[in-house]
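*Asks:* To start, I am sharing the structure in question, which I have written as structure tokens.
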Amino acid sequence: LYGPAMMRKFLKSELDRYLRARGGEVVEELPLERVENQPYIHYEKGALVMWWAKEAMGEAVVNQALRKLIKRFAFQPAPYPSSRDFVDLLREEAGPQHAQLITDLFQKITLYDMKATQARAVKRSDGRFDVTFTVQARKLYADGKGVETEAPLNEAFEIGAFDAEPGKKGFRAASVLAFERRALTDGQTQITLVTDRLPTHVGVDPYNKRIDRNSDDNVVKVEAP
């Protein structure tokens with residue numbers, strides 16, 4: 001109804017609720033593939049994981065895995081299918097190029113720490129703008145007790161430039177001035193985008209599609225020329 005540019009409001013709500021709830025876990029947080037009776041995982045985290053799986057692997061791939069799951073197990077007696085059956089079928093459909101992504105989404109507790117800083121715009125001779133900013137990036141794996149371990153990062157993330165802050169009042173589809181995916185690694189990466197109009201904000205994972213420990217610093221104001 002509202003278009004993909006408006007998904008941030010929903011996704012951020014799901015992300016924040018998941019992060020708050022996992023902070024109060026008293027027993028053990030389980031990966032999505034193994035979760036049972038932990039609603040903050042199978043609802044809130046589940047929404048984020050399934051959305052990014054669709055975005056990263058393609059809607060057709062995810063739908064075909066679901067279609068095969070139904071065809072294989074519909075109206076069958078016990079033993080009934082589990083989430084592991086779905087993950088196996090998803091691996092078949094997605095292929096080896098998405099093997100690590102599926103492991104991270106469904107079989108590990110994976111967190112990111114992405115931050116946008118130092119954004120400035122410079123007007124070009126052709127009237128457009130060169131917009132540069134710095135992304136600080138980390139990837140972590142957590143165990144069931146919340147102990148985090150650094151993991152190597154080399155993944156594509158969405159980056160964008162906007163003339164209004166994503167998810168806030170006044171933001172609309174026309175506010176997107178530049179939007180693409182770029183591979184990011186650990187540490188700092190300088191990003192440059194070219195826009196036709198002067199942006200007010202830039203960001204990494206601006207729609208909060210990934211499970212980021214602090215999604216409030218993904219978007220930063222642009223220093224005007």
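Quick note on naming: the chains in the structure tokens go A, B, ... in the order shown, residues restart at 1 in each chain, and ligands are numbered from 1 in order of appearance.
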What lies within 12 Å of His98 in chain A using only C-alpha atoms, ignoring chain neighbours under 3 positions off, as a list in words?
*Replies:*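 Listed by chain and then number, they are Ala53, Lys54, Ala56, Met57, Gly58, Val61, Val62, Val87, Leu90, Arg91, Glu92, Glu93, Ala94, Gly95, Leu101, Ile102, Thr103, Asp104, Leu105 and Glu155 of chain A.
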*Asks:* Next, the residues of the selection above should be written as a PDB file, in the first residue's frame with N, CA and C atoms.
*Replies:*
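Once everything was written out, this is selection-v2.pdb:
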```
ATOM      1  N   ALA A  53      15.794 -12.105   4.098  1.00  0.00           N
ATOM      2  CA  ALA A  53      15.976 -13.274   3.228  1.00  0.00           C
ATOM      3  C   ALA A  53      15.349 -13.016   1.863  1.00  0.00           C
ATOM      4  N   LYS A  54      14.160 -12.439   1.877  1.00  0.00           N
ATOM      5  CA  LYS A  54      13.482 -12.098   0.619  1.00  0.00           C
ATOM      6  C   LYS A  54      14.249 -11.041  -0.165  1.00  0.00           C
ATOM      7  N   ALA A  56      17.527 -10.287   0.069  1.00  0.00           N
ATOM      8  CA  ALA A  56      18.871 -10.710  -0.332  1.00  0.00           C
ATOM      9  C   ALA A  56      18.858 -11.834  -1.363  1.00  0.00           C
ATOM     10  N   MET A  57      17.930 -12.787  -1.214  1.00  0.00           N
ATOM     11  CA  MET A  57      17.911 -13.953  -2.097  1.00  0.00           C
ATOM     12  C   MET A  57      16.864 -13.861  -3.196  1.00  0.00           C
ATOM     13  N   GLY A  58      15.902 -12.965  -3.013  1.00  0.00           N
ATOM     14  CA  GLY A  58      14.842 -12.834  -4.000  1.00  0.00           C
ATOM     15  C   GLY A  58      13.551 -13.458  -3.517  1.00  0.00           C
ATOM     16  N   VAL A  61      12.790 -17.070  -4.718  1.00  0.00           N
ATOM     17  CA  VAL A  61      13.527 -18.149  -4.063  1.00  0.00           C
ATOM     18  C   VAL A  61      12.840 -18.547  -2.757  1.00  0.00           C
ATOM     19  N   VAL A  62      12.508 -17.554  -1.936  1.00  0.00           N
ATOM     20  CA  VAL A  62      11.867 -17.850  -0.650  1.00  0.00           C
ATOM     21  C   VAL A  62      10.497 -18.473  -0.864  1.00  0.00           C
ATOM     22  N   VAL A  87      14.579 -24.640   6.289  1.00  0.00           N
ATOM     23  CA  VAL A  87      15.932 -24.135   6.049  1.00  0.00           C
ATOM     24  C   VAL A  87      16.655 -25.015   5.029  1.00  0.00           C
ATOM     25  N   LEU A  90      15.304 -24.117   1.697  1.00  0.00           N
ATOM     26  CA  LEU A  90      15.781 -22.794   1.299  1.00  0.00           C
ATOM     27  C   LEU A  90      17.205 -22.882   0.768  1.00  0.00           C
ATOM     28  N   ARG A  91      18.034 -23.705   1.398  1.00  0.00           N
ATOM     29  CA  ARG A  91      19.404 -23.886   0.903  1.00  0.00           C
ATOM     30  C   ARG A  91      19.394 -24.463  -0.514  1.00  0.00           C
ATOM     31  N   GLU A  92      18.521 -25.409  -0.760  1.00  0.00           N
ATOM     32  CA  GLU A  92      18.431 -26.006  -2.096  1.00  0.00           C
ATOM     33  C   GLU A  92      18.071 -24.956  -3.141  1.00  0.00           C
ATOM     34  N   GLU A  93      17.112 -24.118  -2.806  1.00  0.00           N
ATOM     35  CA  GLU A  93      16.646 -23.115  -3.762  1.00  0.00           C
ATOM     36  C   GLU A  93      17.640 -21.978  -3.937  1.00  0.00           C
ATOM     37  N   ALA A  94      18.266 -21.547  -2.850  1.00  0.00           N
ATOM     38  CA  ALA A  94      19.122 -20.365  -2.901  1.00  0.00           C
ATOM     39  C   ALA A  94      20.493 -20.644  -3.504  1.00  0.00           C
ATOM     40  N   GLY A  95      20.982 -21.880  -3.357  1.00  0.00           N
ATOM     41  CA  GLY A  95      22.284 -22.214  -3.902  1.00  0.00           C
ATOM     42  C   GLY A  95      23.418 -21.878  -2.951  1.00  0.00           C
ATOM     43  N   LEU A 101      24.773 -16.709   4.379  1.00  0.00           N
ATOM     44  CA  LEU A 101      23.643 -15.856   4.744  1.00  0.00           C
ATOM     45  C   LEU A 101      22.580 -16.653   5.481  1.00  0.00           C
ATOM     46  N   ILE A 102      22.244 -17.827   4.988  1.00  0.00           N
ATOM     47  CA  ILE A 102      21.218 -18.657   5.619  1.00  0.00           C
ATOM     48  C   ILE A 102      21.679 -19.112   7.001  1.00  0.00           C
ATOM     49  N   THR A 103      22.951 -19.474   7.123  1.00  0.00           N
ATOM     50  CA  THR A 103      23.494 -19.838   8.435  1.00  0.00           C
ATOM     51  C   THR A 103      23.367 -18.681   9.409  1.00  0.00           C
ATOM     52  N   ASP A 104      23.754 -17.489   8.968  1.00  0.00           N
ATOM     53  CA  ASP A 104      23.706 -16.314   9.842  1.00  0.00           C
ATOM     54  C   ASP A 104      22.285 -15.959  10.253  1.00  0.00           C
ATOM     55  N   LEU A 105      21.338 -16.085   9.322  1.00  0.00           N
ATOM     56  CA  LEU A 105      19.961 -15.683   9.614  1.00  0.00           C
ATOM     57  C   LEU A 105      19.239 -16.680  10.508  1.00  0.00           C
ATOM     58  N   GLU A 155      30.039  -8.105   3.395  1.00  0.00           N
ATOM     59  CA  GLU A 155      28.666  -8.300   2.928  1.00  0.00           C
ATOM     60  C   GLU A 155      28.142  -7.028   2.277  1.00  0.00           C
TER      61      GLU A 155
END
```
*Asks:* May I have all residues of range 74-162 of chain A that DSSP, computed from the backbone, assigns to strand (DSSP E or B), given as a VMD selection string?
*Replies:* chain A and resid 109 to 123 129 to 142 148 to 151 154 to 162
*Asks:* Quick one: which range 53-121 of chain A residues come within 10 Å of range 190-196 of chain A, and what is the nearest atom pair for each with the distance in Å to one decimal, counting only C-alpha atoms, rows ordered by chain and ascending number, as a Markdown table?
*Replies:*
```
| residue | atom | partner | partner_atom | distance |
| --- | --- | --- | --- | --- |
| A:Ala116 | CA | A:Ile191 | CA | 9.7 |
| A:Thr117 | CA | A:Gln190 | CA | 9.6 |
| A:Gln118 | CA | A:Gln190 | CA | 9.5 |
| A:Ala119 | CA | A:Ile191 | CA | 9.3 |
| A:Arg120 | CA | A:Thr192 | CA | 9.8 |
| A:Ala121 | CA | A:Val194 | CA | 9.3 |
```
*Asks:* Nearest residue to Tyr141 in chain A out of A:Val222, A:Leu153, A:Ala183, A:Ile41, using only C-alpha atoms?
*Replies:*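 Of A:Val222, A:Leu153, A:Ala183, A:Ile41, the one nearest Tyr141 in chain A is A:Leu153, counting only C-alpha atoms.
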*Asks:* Got a sec to tell me which of range 7-162 of chain A DSSP assigns to alpha helix (DSSP H), as a PyMOL selection string?
*Replies:* chain A and resi 8-23+39+46-57+59-73+83-94+99-102
*Asks:* With a distance cut-off of 7 Å and only C-alpha atoms, select the neighbouring residues of Leu111 in chain A, excluding the residue or stretch itself and same-chain residues fewer than 4 positions from it, and output the selection as an MDAnalysis selection string.
*Replies:* chainID A and resid 139:141 211:213
*Asks:* From the list A:Leu184, A:Ala47, A:Ala74, A:Ala142, which residue is nearest Glu28 in chain A when using only C-alpha atoms?
*Replies:*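 Comparing A:Leu184, A:Ala47, A:Ala74, A:Ala142 against Glu28 in chain A, the winner is A:Ala142.
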*Asks:* In terms of the shortest atom-to-atom distance over only C-alpha atoms, which of A:Lys168, A:Arg181, A:Pro225, A:Thr134 is closest to Lys12 in chain A?
*Replies:*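 Distance minimum relative to Lys12 in chain A lands on A:Lys168.
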*Asks:* Quick one: distance from CA of Ile159 in chain A to CA of Gly203 in chain A in Å, one decimal?
*Replies:*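 Distance between the two atoms: 5.7 Å.
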*Asks:* Nearest to Leu32 in chain A among A:Leu198, A:Leu48, A:Leu69, A:Ile109, with distances taken over only C-alpha atoms: which residue is it?
*Replies:*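 Among A:Leu198, A:Leu48, A:Leu69, A:Ile109, it is A:Ile109 that comes nearest to Leu32 in chain A.
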*Asks:* At a cut-off of 9 Å, using only C-alpha atoms, what residues contact Thr189 in chain A? Leave out same-chain residues fewer than 2 positions from it and give the result as a VMD selection string.
*Replies:* chain A and resid 133 to 137 184 to 187 191
*Asks:* Need the shell around Asn214 in chain A: protein/DNA/RNA residues with any atom at most 9 Å away, counting only C-alpha atoms. Skip same-chain ones fewer than 2 positions apart. Format as number ranges by chain?
*Replies:* A: 16, 112-115, 211-212, 216-218
*Asks:* Quick one: residues within 10 Å of Tyr207 in chain A, only C-alpha atoms counted, chain neighbours fewer than 2 positions away excluded, as a list in words?
*Replies:*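 Here the qualifying residues turn out to be Pro4, Ala5, Met6, Met7, Arg8, Lys9, Phe10, Leu11, Lys12, Glu158, Ile159, Gly160, Pro166, Gly167, Gly203, Val204, Asp205, Lys209, Arg210, Ser215, Asn218 and Val219 of chain A.
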*Asks:* Looking at A:Asp85, A:Glu44, A:Asp163, A:Glu180, which one is nearest to Ala21 in chain A, with distances taken over only C-alpha atoms?
*Replies:* A:Glu44
